[in-house]
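Working notes, beginning with the structure itself.
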Amino acid sequence: RQTRMLQAGIIPVTHFEQNCTVLFDSETKEGVIVDPGGDVDLILQTVRENDITLKAIWITHGHIDHAGGAKELKDALGLEIIGPHKDDLPLLERLESQAERFGLAMKVQNVIPDRWLEEGDTVSFGDHVFEVLHCPGHAPGHVVYFNRAQNFAHVGDVLFHGSIGRTDLPGGNHQQLLDSIRDKILPLGDSVGFICGHGPGGQIGEERRTNPYLRGL
């Protein structure tokens with residue numbers, strides 16, 4: 001039978017302008033929230049206004065702008081937190097100290113997911129199934145969510161439109177990030193569209209052709 005349409009809405013949160021993403025089914029309005037980095041009141045208001053029923057919280061990696069509001073959102077809605085890979089445990093255990101180090105007045109809580117993810121796992125809501133790719137380099141436990149049926153990926157901070165994730169933060173590794181892009185992201189196919197953690201999304205084929213960081217991969 002015809003797969004129902006997957007839709008995505010972006011809620012920019014915190015002064016990092018992080019793309020907190022709502023993935024939802026166009027008919028049932030069931031969905032998940034990806035990377036609630038903060039501004040939880042805004043997230044809750046947006047979800048309510050659009051009549052979306054959230055089923056879970058998915059996290060791509062443990063940096064404060066992606067996971068900083070996860071515990072508060074979980075407490076507000078009683079949802080499970082899924083992801084990232086367990087290699088990001090040290091980051092998630094130190095979200096509050098990350099906030100202090102950046103001098104942020106954000107309301108941030110350390111968080112331990114209800115379920116860690118591994119390469120090859122799947123996560124889903126309704127009819128929509130996403131394959132999990134472990135893509136370290138920007139963060140050790142970074143995961144990417146790929147929906148094969150709809151040719152769509154949420155790549156977090158691995159790949160950007162015209163750029164790649166920074167690797168100068170704790171646990172970052174530039175070569176590892178390039179390897180993740182070469183071995184995990186590019187093989188998904190040129191026609192795959194993506195949402196990333198900051199800024200506009202894109203298409204893998206366009207990045208392969210024009211992204212200066214991907215030359216020679």
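Labels for the structure tokens follow display order: chains A, B, ..., residues from 1 in each chain, ligands from 1.
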Next item on the list: Per DSSP on the backbone, filter segment 129-171 of chain A down to the residues in strand (DSSP E) and report them as a PyMOL selection string.
Entry: chain A and resi 129-134+143-147+152-156+159-160+163-164
Check: What's the 8 Å shell around segment 108-125 of chain A, counting only C-alpha atoms, without same-chain residues fewer than 4 positions away, as a ChimeraX atom specification?
Finding: /A:30-32,38,55,64,67-72,80-86,89,92-96,99,129-134,143
Notebook entry, point to check: So what do you get for atom CA of Ile181 of chain A versus atom CA of Phe152 of chain A, distance-wise?
Noted result: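 Separating atom CA of Ile181 of chain A from atom CA of Phe152 of chain A is a distance of 15.4 Å.
Residue nearest Pro170 of chain A within the list A:Gln45, A:Thr210, A:Gln98, A:Gln203: A:Gln98 [criterion: smallest interatomic distance, only C-alpha atoms].
Counting from atom CA of Gly126 of chain A, the distance to atom CA of Leu188 of chain A is 22.8 Å.
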Check: What are the DSSP alpha helix (DSSP H) residues of segment 11-205 of chain A, as an MDAnalysis selection string?
Finding: chainID A and resid 40:49 64:67 70:77 89:92 95:101 174:180 204:205
Restricting the output to N, CA and C atoms, write the selected residues as a tab-separated table (two decimals), in the first residue's frame.
```
chain	number	residue	atom	x	y	z
A	40	VAL	N	12.12	24.94	25.05
A	40	VAL	CA	11.11	23.87	25.10
A	40	VAL	C	9.70	24.43	25.06
A	41	ASP	N	9.47	25.59	25.66
A	41	ASP	CA	8.13	26.20	25.61
A	41	ASP	C	7.72	26.48	24.16
A	42	LEU	N	8.67	26.95	23.36
A	42	LEU	CA	8.39	27.21	21.94
A	42	LEU	C	8.10	25.91	21.20
A	43	ILE	N	8.86	24.86	21.50
A	43	ILE	CA	8.63	23.56	20.86
A	43	ILE	C	7.22	23.06	21.20
A	44	LEU	N	6.87	23.10	22.46
A	44	LEU	CA	5.55	22.62	22.90
A	44	LEU	C	4.43	23.42	22.24
A	45	GLN	N	4.61	24.74	22.18
A	45	GLN	CA	3.58	25.60	21.58
A	45	GLN	C	3.42	25.27	20.10
A	46	THR	N	4.54	25.09	19.39
A	46	THR	CA	4.49	24.81	17.94
A	46	THR	C	3.82	23.48	17.66
A	47	VAL	N	4.15	22.48	18.47
A	47	VAL	CA	3.56	21.15	18.30
A	47	VAL	C	2.05	21.21	18.55
A	48	ARG	N	1.66	21.93	19.61
A	48	ARG	CA	0.23	22.07	19.92
A	48	ARG	C	-0.51	22.79	18.80
A	49	GLU	N	0.05	23.89	18.33
A	49	GLU	CA	-0.62	24.70	17.30
A	49	GLU	C	-0.84	23.91	16.02
A	64	ILE	N	25.15	20.42	23.38
A	64	ILE	CA	24.13	21.14	24.13
A	64	ILE	C	23.02	21.70	23.25
A	65	ASP	N	23.37	22.17	22.03
A	65	ASP	CA	22.36	22.79	21.18
A	65	ASP	C	21.43	21.76	20.53
A	66	HIS	N	21.74	20.47	20.71
A	66	HIS	CA	20.90	19.41	20.16
A	66	HIS	C	20.16	18.63	21.25
A	67	ALA	N	20.76	18.52	22.42
A	67	ALA	CA	20.19	17.69	23.48
A	67	ALA	C	19.84	18.46	24.75
A	70	ALA	N	16.20	18.11	25.98
A	70	ALA	CA	15.57	16.78	25.87
A	70	ALA	C	14.92	16.33	27.17
A	71	LYS	N	15.62	16.52	28.29
A	71	LYS	CA	15.09	16.06	29.58
A	71	LYS	C	13.84	16.86	29.95
A	72	GLU	N	13.88	18.17	29.72
A	72	GLU	CA	12.72	19.01	30.04
A	72	GLU	C	11.52	18.60	29.18
A	73	LEU	N	11.76	18.32	27.90
A	73	LEU	CA	10.67	17.92	27.00
A	73	LEU	C	10.13	16.54	27.40
A	74	LYS	N	11.04	15.65	27.76
A	74	LYS	CA	10.61	14.32	28.23
A	74	LYS	C	9.71	14.45	29.46
A	75	ASP	N	10.14	15.28	30.40
A	75	ASP	CA	9.36	15.46	31.63
A	75	ASP	C	7.99	16.07	31.34
A	76	ALA	N	7.93	16.95	30.34
A	76	ALA	CA	6.67	17.63	30.01
A	76	ALA	C	5.68	16.69	29.33
A	77	LEU	N	6.19	15.76	28.51
A	77	LEU	CA	5.30	14.95	27.68
A	77	LEU	C	5.35	13.45	28.00
A	89	LEU	N	27.74	9.31	25.61
A	89	LEU	CA	27.37	9.37	27.03
A	89	LEU	C	28.14	10.46	27.79
A	90	PRO	N	29.47	10.58	27.60
A	90	PRO	CA	30.18	11.64	28.35
A	90	PRO	C	29.66	13.05	28.05
A	91	LEU	N	29.23	13.30	26.82
A	91	LEU	CA	28.69	14.61	26.47
A	91	LEU	C	27.34	14.84	27.15
A	92	LEU	N	26.49	13.81	27.14
A	92	LEU	CA	25.14	13.95	27.71
A	92	LEU	C	25.18	14.07	29.23
A	95	LEU	N	26.01	18.02	30.01
A	95	LEU	CA	25.30	19.12	29.36
A	95	LEU	C	25.27	20.37	30.25
A	96	GLU	N	25.04	20.16	31.54
A	96	GLU	CA	24.94	21.31	32.44
A	96	GLU	C	26.28	22.04	32.53
A	97	SER	N	27.38	21.28	32.55
A	97	SER	CA	28.69	21.94	32.61
A	97	SER	C	29.04	22.56	31.25
A	98	GLN	N	28.54	21.98	30.15
A	98	GLN	CA	28.70	22.64	28.84
A	98	GLN	C	28.04	24.02	28.88
A	99	ALA	N	26.85	24.08	29.46
A	99	ALA	CA	26.12	25.35	29.53
A	99	ALA	C	26.92	26.38	30.34
A	100	GLU	N	27.48	25.92	31.45
A	100	GLU	CA	28.28	26.83	32.28
A	100	GLU	C	29.51	27.31	31.53
A	101	ARG	N	30.15	26.39	30.81
A	101	ARG	CA	31.39	26.76	30.11
A	101	ARG	C	31.11	27.80	29.03
A	174	HIS	N	38.50	15.19	12.50
A	174	HIS	CA	38.22	15.62	11.14
A	174	HIS	C	38.24	14.45	10.15
A	175	GLN	N	39.27	13.63	10.23
A	175	GLN	CA	39.35	12.50	9.29
A	175	GLN	C	38.21	11.52	9.48
A	176	GLN	N	37.86	11.31	10.74
A	176	GLN	CA	36.74	10.40	11.05
A	176	GLN	C	35.44	10.94	10.45
A	177	LEU	N	35.25	12.26	10.50
A	177	LEU	CA	34.05	12.86	9.93
A	177	LEU	C	34.02	12.67	8.42
A	178	LEU	N	35.14	12.91	7.76
A	178	LEU	CA	35.21	12.72	6.31
A	178	LEU	C	34.94	11.25	5.96
A	179	ASP	N	35.48	10.33	6.77
A	179	ASP	CA	35.24	8.91	6.53
A	179	ASP	C	33.75	8.58	6.67
A	180	SER	N	33.10	9.16	7.69
A	180	SER	CA	31.67	8.93	7.89
A	180	SER	C	30.87	9.40	6.68
A	204	ILE	N	22.06	15.23	-1.40
A	204	ILE	CA	23.39	14.64	-1.32
A	204	ILE	C	24.16	14.83	-2.62
A	205	GLY	N	23.48	14.67	-3.78
A	205	GLY	CA	24.17	14.82	-5.06
A	205	GLY	C	24.76	16.20	-5.25
```
Margin query: Using only C-alpha atoms, which protein or nucleic acid residues come within 7 Å of Ala139 of chain A? Drop anything in the same chain fewer than 5 positions from it, and give the result as a list in words.
Written below: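 Residues near the query, excluding close chain neighbours: His61, Gly171 and Gly172 of chain A.
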Next item on the list: Name the residues in contact with Asp25 of chain A at a cut-off of 10 Å, using only C-alpha atoms, excluding same-chain residues fewer than 6 positions from it; report them as JSON, numbers by chain.
Entry: {"A": [3, 4, 5, 6, 7, 8, 31, 32, 52, 53, 125, 126, 127, 128]}
What does the file look like for those residues with C-alpha atoms, as a compact mmCIF listing (two decimals), in the first residue's frame?
```txt
# COMPACT_ATOMS: atom_id res chain seq x y z
CA THR A 3 3.26 4.90 2.23
CA ARG A 4 1.75 7.99 3.78
CA MET A 5 3.66 11.20 3.36
CA LEU A 6 6.38 12.03 5.80
CA GLN A 7 6.53 15.72 6.58
CA ALA A 8 9.09 17.82 8.40
CA GLY A 31 5.47 12.25 14.85
CA VAL A 32 8.74 12.61 16.68
CA ILE A 52 0.88 16.98 16.25
CA THR A 53 1.02 14.01 18.63
CA PHE A 125 6.71 6.00 14.16
CA GLY A 126 3.53 4.93 12.38
CA ASP A 127 4.47 3.61 8.93
CA HIS A 128 7.72 5.55 8.80
```
Checklist line | Spatial neighbours of Ile11 of chain A, 7 Å, only C-alpha atoms, chain gap at least 2 places, as a list in words | finding: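 Surrounding residues, per the criterion: Gly9, Val13, Asn19, Cys20, Thr21 and Ile43 of chain A.
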Next item on the list: Could you jot down the atom CA of Gly193 of chain A to atom CA of His154 of chain A separation for me, Å, one decimal place?
Entry: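 Atom CA of Gly193 of chain A sits 8.7 Å away from atom CA of His154 of chain A.
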